[in-house]
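The file target14.cif comes next; it holds mmCIF, C-alpha atoms and all ligand atoms.
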```cif
data_target
#
loop_
_atom_site.group_PDB
_atom_site.id
_atom_site.type_symbol
_atom_site.label_atom_id
_atom_site.label_comp_id
_atom_site.auth_asym_id
_atom_site.auth_seq_id
_atom_site.Cartn_x
_atom_site.Cartn_y
_atom_site.Cartn_z
ATOM 1 C CA MET A 1 -10.345 -35.193 56.261
ATOM 2 C CA GLN A 2 -13.982 -35.866 57.014
ATOM 3 C CA ILE A 3 -16.984 -36.310 54.761
ATOM 4 C CA ARG A 4 -20.399 -35.121 55.868
ATOM 5 C CA LYS A 5 -23.777 -34.477 54.326
ATOM 6 C CA ALA A 6 -24.022 -30.998 52.846
ATOM 7 C CA VAL A 7 -26.409 -28.560 54.510
ATOM 8 C CA ALA A 8 -28.158 -25.620 52.839
ATOM 9 C CA LYS A 9 -25.547 -23.056 53.853
ATOM 10 C CA ASP A 10 -22.761 -25.095 52.157
ATOM 11 C CA PHE A 11 -24.234 -23.987 48.858
ATOM 12 C CA LYS A 12 -22.228 -20.755 48.969
ATOM 13 C CA THR A 13 -18.911 -22.537 49.474
ATOM 14 C CA ILE A 14 -19.631 -25.072 46.743
ATOM 15 C CA LYS A 15 -20.541 -22.260 44.370
ATOM 16 C CA ALA A 16 -17.381 -20.350 45.320
ATOM 17 C CA LEU A 17 -15.175 -23.426 44.687
ATOM 18 C CA SER A 18 -16.934 -23.984 41.369
ATOM 19 C CA ARG A 19 -16.243 -20.376 40.335
ATOM 20 C CA LYS A 20 -12.697 -20.211 41.694
ATOM 21 C CA TYR A 21 -11.558 -23.359 39.919
ATOM 22 C CA ASP A 22 -13.791 -22.981 36.871
ATOM 23 C CA PHE A 23 -15.492 -26.290 37.536
ATOM 24 C CA GLU A 24 -19.023 -26.388 36.100
ATOM 25 C CA ARG A 25 -19.273 -22.696 36.954
ATOM 26 C CA ASN A 26 -22.670 -22.335 35.273
ATOM 27 C CA ARG A 27 -24.333 -25.074 37.267
ATOM 28 C CA ASP A 28 -27.366 -24.162 39.355
ATOM 29 C CA TRP A 29 -25.807 -25.457 42.582
ATOM 30 C CA LYS A 30 -28.723 -24.326 44.726
ATOM 31 C CA GLY A 31 -31.144 -26.244 42.516
ATOM 32 C CA VAL A 32 -28.856 -29.271 42.481
ATOM 33 C CA MET A 33 -28.712 -29.314 46.269
ATOM 34 C CA LYS A 34 -32.470 -28.874 46.675
ATOM 35 C CA ALA A 35 -33.606 -31.488 44.130
ATOM 36 C CA LYS A 36 -35.536 -34.238 45.845
ATOM 37 C CA ASP A 37 -33.591 -37.123 44.287
ATOM 38 C CA ASN A 38 -30.174 -35.612 44.993
ATOM 39 C CA GLU A 39 -27.951 -35.623 48.028
ATOM 40 C CA MET A 40 -24.638 -33.861 48.351
ATOM 41 C CA PHE A 41 -21.651 -34.372 50.604
ATOM 42 C CA VAL A 42 -18.710 -32.169 51.452
ATOM 43 C CA LEU A 43 -15.108 -33.023 52.195
ATOM 44 C CA VAL A 44 -13.853 -31.034 55.157
ATOM 45 C CA GLU A 45 -10.290 -30.382 56.314
ATOM 46 C CA ASP A 46 -9.680 -28.257 59.420
ATOM 47 C CA LYS A 47 -13.298 -27.026 59.258
ATOM 48 C CA ARG A 48 -12.794 -25.887 55.652
ATOM 49 C CA ILE A 49 -14.712 -27.384 52.720
ATOM 50 C CA VAL A 50 -12.110 -28.611 50.232
ATOM 51 C CA GLY A 51 -14.222 -30.878 48.038
ATOM 52 C CA PHE A 52 -17.672 -32.192 47.340
ATOM 53 C CA THR A 53 -19.591 -34.970 45.678
ATOM 54 C CA GLY A 54 -23.122 -36.296 45.565
ATOM 55 C CA LEU A 55 -25.572 -38.914 44.411
ATOM 56 C CA VAL A 56 -28.655 -38.824 42.196
ATOM 57 C CA ARG A 57 -31.228 -41.534 42.882
ATOM 58 C CA ASN A 58 -32.764 -42.898 39.665
ATOM 59 C CA ASP A 59 -35.450 -45.155 41.054
ATOM 60 C CA TRP A 60 -36.936 -45.896 37.632
ATOM 61 C CA ASN A 61 -33.864 -47.934 36.572
ATOM 62 C CA GLU A 62 -32.441 -48.668 40.020
ATOM 63 C CA THR A 63 -29.207 -46.790 39.446
ATOM 64 C CA LEU A 64 -27.364 -44.168 41.426
ATOM 65 C CA GLN A 65 -25.384 -41.550 39.582
ATOM 66 C CA VAL A 66 -22.358 -39.801 40.983
ATOM 67 C CA LEU A 67 -23.300 -36.138 41.038
ATOM 68 C CA ASP A 68 -19.894 -34.586 40.446
ATOM 69 C CA ILE A 69 -16.751 -35.164 42.401
ATOM 70 C CA PHE A 70 -14.353 -32.337 43.108
ATOM 71 C CA VAL A 71 -11.200 -31.973 45.211
ATOM 72 C CA GLU A 72 -9.344 -28.671 45.551
ATOM 73 C CA PRO A 73 -6.377 -28.765 43.121
ATOM 74 C CA GLY A 74 -3.690 -28.476 45.818
ATOM 75 C CA LEU A 75 -5.022 -31.573 47.593
ATOM 76 C CA ARG A 76 -5.335 -33.896 44.610
ATOM 77 C CA LYS A 77 -3.456 -37.180 44.135
ATOM 78 C CA GLN A 78 -3.381 -37.790 47.888
ATOM 79 C CA GLY A 79 -6.325 -40.125 48.178
ATOM 80 C CA ALA A 80 -9.143 -37.620 48.849
ATOM 81 C CA GLY A 81 -11.067 -38.472 45.676
ATOM 82 C CA ARG A 82 -10.868 -42.196 46.401
ATOM 83 C CA LYS A 83 -12.040 -41.541 49.954
ATOM 84 C CA MET A 84 -15.170 -39.846 48.623
ATOM 85 C CA VAL A 85 -15.840 -42.642 46.118
ATOM 86 C CA GLU A 86 -15.489 -45.243 48.877
ATOM 87 C CA PHE A 87 -17.929 -43.183 50.964
ATOM 88 C CA LEU A 88 -20.422 -43.149 48.078
ATOM 89 C CA LYS A 89 -20.055 -46.901 47.541
ATOM 90 C CA LYS A 90 -20.707 -47.575 51.216
ATOM 91 C CA ARG A 91 -23.754 -45.323 51.209
ATOM 92 C CA ALA A 92 -25.014 -46.901 47.980
ATOM 93 C CA HIS A 93 -24.696 -50.423 49.434
ATOM 94 C CA ALA A 94 -26.478 -49.312 52.602
ATOM 95 C CA MET A 95 -29.474 -48.108 50.573
ATOM 96 C CA ASN A 96 -29.786 -51.688 49.343
ATOM 97 C CA LYS A 97 -32.084 -51.025 46.408
ATOM 98 C CA TYR A 98 -29.860 -49.922 43.540
ATOM 99 C CA ARG A 99 -28.102 -52.026 40.886
ATOM 100 C CA CYS A 100 -25.087 -49.906 40.179
ATOM 101 C CA LEU A 101 -23.307 -46.643 40.624
ATOM 102 C CA ILE A 102 -22.713 -44.700 37.416
ATOM 103 C CA ALA A 103 -20.224 -41.896 36.891
ATOM 104 C CA GLU A 104 -19.509 -39.614 33.974
ATOM 105 C CA ALA A 105 -15.833 -38.851 33.444
ATOM 106 C CA PRO A 106 -14.107 -36.360 31.145
ATOM 107 C CA ALA A 107 -11.582 -38.463 29.231
ATOM 108 C CA LEU A 108 -9.042 -35.740 28.395
ATOM 109 C CA ASP A 109 -7.898 -35.209 31.973
ATOM 110 C CA GLY A 110 -7.866 -38.919 32.858
ATOM 111 C CA THR A 111 -10.859 -38.927 35.199
ATOM 112 C CA ASP A 112 -11.915 -42.262 33.679
ATOM 113 C CA ARG A 113 -8.591 -43.680 34.912
ATOM 114 C CA PHE A 114 -9.336 -42.307 38.369
ATOM 115 C CA TYR A 115 -12.669 -44.170 38.418
ATOM 116 C CA ARG A 116 -11.007 -47.336 37.119
ATOM 117 C CA LYS A 117 -8.594 -47.157 40.056
ATOM 118 C CA CYS A 118 -11.673 -46.915 42.277
ATOM 119 C CA GLY A 119 -13.104 -50.172 40.898
ATOM 120 C CA PHE A 120 -15.370 -48.851 38.131
ATOM 121 C CA ARG A 121 -15.460 -50.217 34.588
ATOM 122 C CA ARG A 122 -16.075 -48.399 31.337
ATOM 123 C CA CYS A 123 -19.680 -48.873 30.162
ATOM 124 C CA GLY A 124 -20.085 -46.295 27.397
ATOM 125 C CA TYR A 125 -19.337 -42.832 26.134
ATOM 126 C CA ASN A 126 -21.010 -39.681 24.844
ATOM 127 C CA ASP A 127 -19.024 -37.611 22.345
ATOM 128 C CA ARG A 128 -21.515 -34.707 22.434
ATOM 129 C CA TYR A 129 -21.699 -34.260 26.189
ATOM 130 C CA TYR A 130 -19.037 -31.580 26.606
ATOM 131 C CA SER A 131 -19.379 -29.950 23.196
ATOM 132 C CA ASN A 132 -20.103 -26.529 24.669
ATOM 133 C CA THR A 133 -16.815 -26.326 26.539
ATOM 134 C CA ASN A 134 -14.149 -28.456 24.923
ATOM 135 C CA PRO A 135 -15.138 -30.071 21.629
ATOM 136 C CA MET A 136 -12.136 -32.425 21.840
ATOM 137 C CA ASP A 137 -13.315 -34.040 25.072
ATOM 138 C CA ILE A 138 -15.724 -36.945 25.449
ATOM 139 C CA ALA A 139 -17.661 -38.150 28.465
ATOM 140 C CA VAL A 140 -16.807 -41.698 29.415
ATOM 141 C CA TRP A 141 -19.467 -43.512 31.425
ATOM 142 C CA MET A 142 -18.108 -45.676 34.187
ATOM 143 C CA SER A 143 -20.055 -48.100 36.345
ATOM 144 C CA TYR A 144 -19.639 -50.006 39.577
ATOM 145 C CA ASP A 145 -21.968 -52.945 40.240
ATOM 146 C CA LEU A 146 -23.669 -52.940 43.605
ATOM 147 C CA ARG A 147 -25.176 -56.410 43.172
HETATM 148 C C1 LIG B 1 -11.089 -36.538 39.777
HETATM 149 C C2 LIG B 1 -10.612 -36.065 41.166
HETATM 150 C C3 LIG B 1 -11.825 -35.960 42.092
HETATM 151 C C4 LIG B 1 -9.629 -37.105 41.726
HETATM 152 O O1 LIG B 1 -9.307 -36.726 43.056
HETATM 153 P P1 LIG B 1 -7.891 -37.123 43.741
HETATM 154 O O2 LIG B 1 -7.988 -36.748 45.169
HETATM 155 O O3 LIG B 1 -6.779 -36.550 42.957
HETATM 156 O O4 LIG B 1 -7.888 -38.707 43.567
HETATM 157 P P2 LIG B 1 -7.035 -39.781 44.407
HETATM 158 O O5 LIG B 1 -5.796 -39.135 44.926
HETATM 159 O O6 LIG B 1 -7.926 -40.400 45.423
HETATM 160 O O7 LIG B 1 -6.659 -40.825 43.280
HETATM 161 C C5 LIG B 1 -6.977 -42.219 43.304
HETATM 162 C C6 LIG B 1 -6.190 -42.903 42.203
HETATM 163 O O8 LIG B 1 -6.587 -42.352 40.925
HETATM 164 C C7 LIG B 1 -5.451 -41.789 40.257
HETATM 165 N N1 LIG B 1 -5.857 -40.559 39.598
HETATM 166 C C8 LIG B 1 -6.441 -39.478 40.162
HETATM 167 N N2 LIG B 1 -6.667 -38.530 39.231
HETATM 168 C C9 LIG B 1 -6.209 -39.032 38.053
HETATM 169 C C10 LIG B 1 -6.138 -38.524 36.728
HETATM 170 N N3 LIG B 1 -6.615 -37.318 36.422
HETATM 171 N N4 LIG B 1 -5.606 -39.317 35.766
HETATM 172 C C11 LIG B 1 -5.132 -40.540 36.056
HETATM 173 N N5 LIG B 1 -5.174 -41.093 37.307
HETATM 174 C C12 LIG B 1 -5.692 -40.333 38.287
HETATM 175 C C13 LIG B 1 -4.453 -41.483 41.379
HETATM 176 O O9 LIG B 1 -3.139 -41.421 40.890
HETATM 177 C C14 LIG B 1 -4.687 -42.657 42.312
HETATM 178 O O10 LIG B 1 -4.024 -43.809 41.773
HETATM 179 P P3 LIG B 1 -3.189 -44.823 42.725
HETATM 180 O O11 LIG B 1 -4.216 -45.536 43.564
HETATM 181 O O12 LIG B 1 -2.490 -45.720 41.764
HETATM 182 O O13 LIG B 1 -2.274 -43.982 43.564
HETATM 183 C C15 LIG B 1 -9.880 -34.696 41.053
HETATM 184 O O14 LIG B 1 -8.851 -34.809 40.112
HETATM 185 C C16 LIG B 1 -10.765 -33.523 40.682
HETATM 186 O O15 LIG B 1 -11.361 -32.871 41.545
HETATM 187 N N6 LIG B 1 -10.852 -33.200 39.374
HETATM 188 C C17 LIG B 1 -11.622 -32.033 38.899
HETATM 189 C C18 LIG B 1 -13.088 -32.275 38.935
HETATM 190 C C19 LIG B 1 -13.524 -33.330 37.945
HETATM 191 O O16 LIG B 1 -13.167 -33.289 36.787
HETATM 192 N N7 LIG B 1 -14.354 -34.285 38.417
HETATM 193 C C20 LIG B 1 -14.841 -35.380 37.587
HETATM 194 C C21 LIG B 1 -16.023 -35.027 36.770
HETATM 195 S S1 LIG B 1 -17.432 -34.646 37.753
#
```
Go ahead and render the structure in this file as structure tokens.
Amino acid sequence: MQIRKAVAKDFKTIKALSRKYDFERNRDWKGVMKAKDNEMFVLVEDKRIVGFTGLVRNDWNETLQVLDIFVEPGLRKQGAGRKMVEFLKKRAHAMNKYRCLIAEAPALDGTDRFYRKCGFRRCGYNDRYYSNTNPMDIAVWMSYDLR
């Protein structure tokens, strides 16, 4: 599997994956990809996009936020998610101007544990974040220090 920077035409595939797997299906993916402080990356297997992730640059507080991370269900628990996080960490270090990488994780499905396995620590939570979809879930904020 390879990771590469997303290009404009990848928008359709990302949107299709989002719809197919009901992952943030109402997100404005085109807007997300075009925003000046965002960059997105796709995970490719045999020329097929099977996952995506991204970064948001918050220059005002010198943080980078993980802009979603998604792996096709059939390919999970085989190291693809970790591969993307390691890619983001490397890219974040190379930028050399940010303090930490921050990720938001739905607690109910154990995504916070995934980030912990990738070297992040818990730094907060928001119990109103997902209220529109699943009122039982909370967003756990995870962080990884870059310096
Ligand atoms: C979160 C996600 C990207 C993880 O991808 P993945 O390819 O399954 O992750 P990996 O195989 O690289 O897992 C790395 C480690 O985390 C663990 N892990 C992964 N998902 C986990 C989960 N839901 N709960 C607990 N542990 C988990 C793995 O077991 C592995 O542990 P190990 O090193 O002891 O073997 C994937 O589950 C996904 O796409 N989820 C839906 C989208 C989502 O909710 N994204 C987060 C919010 S934006």
Taking all atoms listed in the file into account, list the residues no farther than 8 Å from ligand LIG 1 (chain B), as a tab-separated table (two decimals) with C-alpha atoms, keeping the file's coordinate frame.
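Output file selection28.tsv follows:
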```tsv
chain	number	residue	atom	x	y	z
A	23	PHE	CA	-15.49	-26.29	37.54
A	51	GLY	CA	-14.22	-30.88	48.04
A	66	VAL	CA	-22.36	-39.80	40.98
A	67	LEU	CA	-23.30	-36.14	41.04
A	68	ASP	CA	-19.89	-34.59	40.45
A	69	ILE	CA	-16.75	-35.16	42.40
A	70	PHE	CA	-14.35	-32.34	43.11
A	71	VAL	CA	-11.20	-31.97	45.21
A	72	GLU	CA	-9.34	-28.67	45.55
A	73	PRO	CA	-6.38	-28.76	43.12
A	75	LEU	CA	-5.02	-31.57	47.59
A	76	ARG	CA	-5.34	-33.90	44.61
A	77	LYS	CA	-3.46	-37.18	44.14
A	78	GLN	CA	-3.38	-37.79	47.89
A	79	GLY	CA	-6.32	-40.12	48.18
A	80	ALA	CA	-9.14	-37.62	48.85
A	81	GLY	CA	-11.07	-38.47	45.68
A	82	ARG	CA	-10.87	-42.20	46.40
A	83	LYS	CA	-12.04	-41.54	49.95
A	84	MET	CA	-15.17	-39.85	48.62
A	103	ALA	CA	-20.22	-41.90	36.89
A	104	GLU	CA	-19.51	-39.61	33.97
A	105	ALA	CA	-15.83	-38.85	33.44
A	106	PRO	CA	-14.11	-36.36	31.14
A	109	ASP	CA	-7.90	-35.21	31.97
A	110	GLY	CA	-7.87	-38.92	32.86
A	111	THR	CA	-10.86	-38.93	35.20
A	112	ASP	CA	-11.92	-42.26	33.68
A	113	ARG	CA	-8.59	-43.68	34.91
A	114	PHE	CA	-9.34	-42.31	38.37
A	115	TYR	CA	-12.67	-44.17	38.42
A	116	ARG	CA	-11.01	-47.34	37.12
A	117	LYS	CA	-8.59	-47.16	40.06
A	118	CYS	CA	-11.67	-46.92	42.28
```
Residue nearest Met136 (chain A) among A:Arg121, A:Lys89, A:Ser18, A:Leu108 (counting all atoms listed in the file): A:Leu108
Which value, in Å to one decimal, gives the distance between CA of Ala8 (chain A) and CA of Gln65 (chain A)?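 According to the coordinates, CA of Ala8 (chain A) and CA of Gln65 (chain A) are separated by 20.9 Å.
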Could you jot down the CA of Glu39 (chain A) to CA of Ile14 (chain A) separation for me, Å, one decimal place?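 Atom-to-atom, CA of Glu39 (chain A) to CA of Ile14 (chain A), that is 13.5 Å.
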Atom pair CA of Phe52 (chain A) / CA of Met1 (chain A): separation (Å): 11.9 Å
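Compared by their closest atoms to Arg99 (chain A), and using all atoms listed in the file, the residues A:Phe11, A:Tyr21, A:Trp29, A:Tyr144 rank with A:Tyr144 nearest.
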Residues within 8 Å of (-17.3, -35.9, 27.7), counting all atoms listed in the file, listed as a ChimeraX atom specification: /A:104-107,125-131,137-140
If you count all atoms listed in the file, the residue of A:Arg48, A:Arg122, A:Lys34, A:Arg91 closest to Val7 (chain A) turns out to be A:Lys34
So what does the PyMOL selection byres (((chain A and resi 10) around 10) and not hetatm) actually pick up in this one, as number ranges by chain? A: 5-9, 11-16, 30, 33, 40-42, 49, 52
So which residues touch Gln2 (chain A) within 9 Å, counting only C-alpha atoms, skipping near sequence neighbours fewer than 3 positions away, as an mmCIF file with C-alpha atoms, keeping the file's coordinate frame?
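As written to disk, result_38.cif reads:
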```cif
data_model
loop_
_atom_site.group_PDB
_atom_site.id
_atom_site.type_symbol
_atom_site.label_atom_id
_atom_site.label_comp_id
_atom_site.auth_asym_id
_atom_site.auth_seq_id
_atom_site.Cartn_x
_atom_site.Cartn_y
_atom_site.Cartn_z
ATOM 1 C CA VAL A 42 -18.710 -32.169 51.452
ATOM 2 C CA LEU A 43 -15.108 -33.023 52.195
ATOM 3 C CA VAL A 44 -13.853 -31.034 55.157
ATOM 4 C CA GLU A 45 -10.290 -30.382 56.314
#
```
Fill-in result for region 83-95 of chain A, N, CA and C atoms as a CSV table (one decimal), keeping the file's coordinate frame:
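Output (selection_6.csv):
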```csv
chain,number,residue,atom,x,y,z
A,83,LYS,N,-11.3,-41.5,48.7
A,83,LYS,CA,-12.0,-41.5,50.0
A,83,LYS,C,-13.5,-41.2,49.7
A,84,MET,N,-13.8,-40.2,48.9
A,84,MET,CA,-15.2,-39.8,48.6
A,84,MET,C,-15.9,-40.9,47.8
A,85,VAL,N,-15.2,-41.6,46.9
A,85,VAL,CA,-15.8,-42.6,46.1
A,85,VAL,C,-16.2,-43.8,47.0
A,86,GLU,N,-15.2,-44.1,47.9
A,86,GLU,CA,-15.5,-45.2,48.9
A,86,GLU,C,-16.7,-44.9,49.8
A,87,PHE,N,-16.8,-43.6,50.2
A,87,PHE,CA,-17.9,-43.2,51.0
A,87,PHE,C,-19.2,-43.4,50.2
A,88,LEU,N,-19.2,-43.0,48.9
A,88,LEU,CA,-20.4,-43.1,48.1
A,88,LEU,C,-20.8,-44.6,47.9
A,89,LYS,N,-19.8,-45.5,47.7
A,89,LYS,CA,-20.1,-46.9,47.5
A,89,LYS,C,-20.7,-47.5,48.8
A,90,LYS,N,-20.2,-47.1,50.0
A,90,LYS,CA,-20.7,-47.6,51.2
A,90,LYS,C,-22.2,-47.1,51.4
A,91,ARG,N,-22.4,-45.9,51.1
A,91,ARG,CA,-23.8,-45.3,51.2
A,91,ARG,C,-24.7,-46.0,50.2
A,92,ALA,N,-24.2,-46.2,49.0
A,92,ALA,CA,-25.0,-46.9,48.0
A,92,ALA,C,-25.4,-48.3,48.4
A,93,HIS,N,-24.4,-49.1,49.0
A,93,HIS,CA,-24.7,-50.4,49.4
A,93,HIS,C,-25.7,-50.4,50.6
A,94,ALA,N,-25.6,-49.4,51.4
A,94,ALA,CA,-26.5,-49.3,52.6
A,94,ALA,C,-27.9,-49.1,52.2
A,95,MET,N,-28.1,-48.4,51.1
A,95,MET,CA,-29.5,-48.1,50.6
A,95,MET,C,-30.1,-49.4,50.1
```
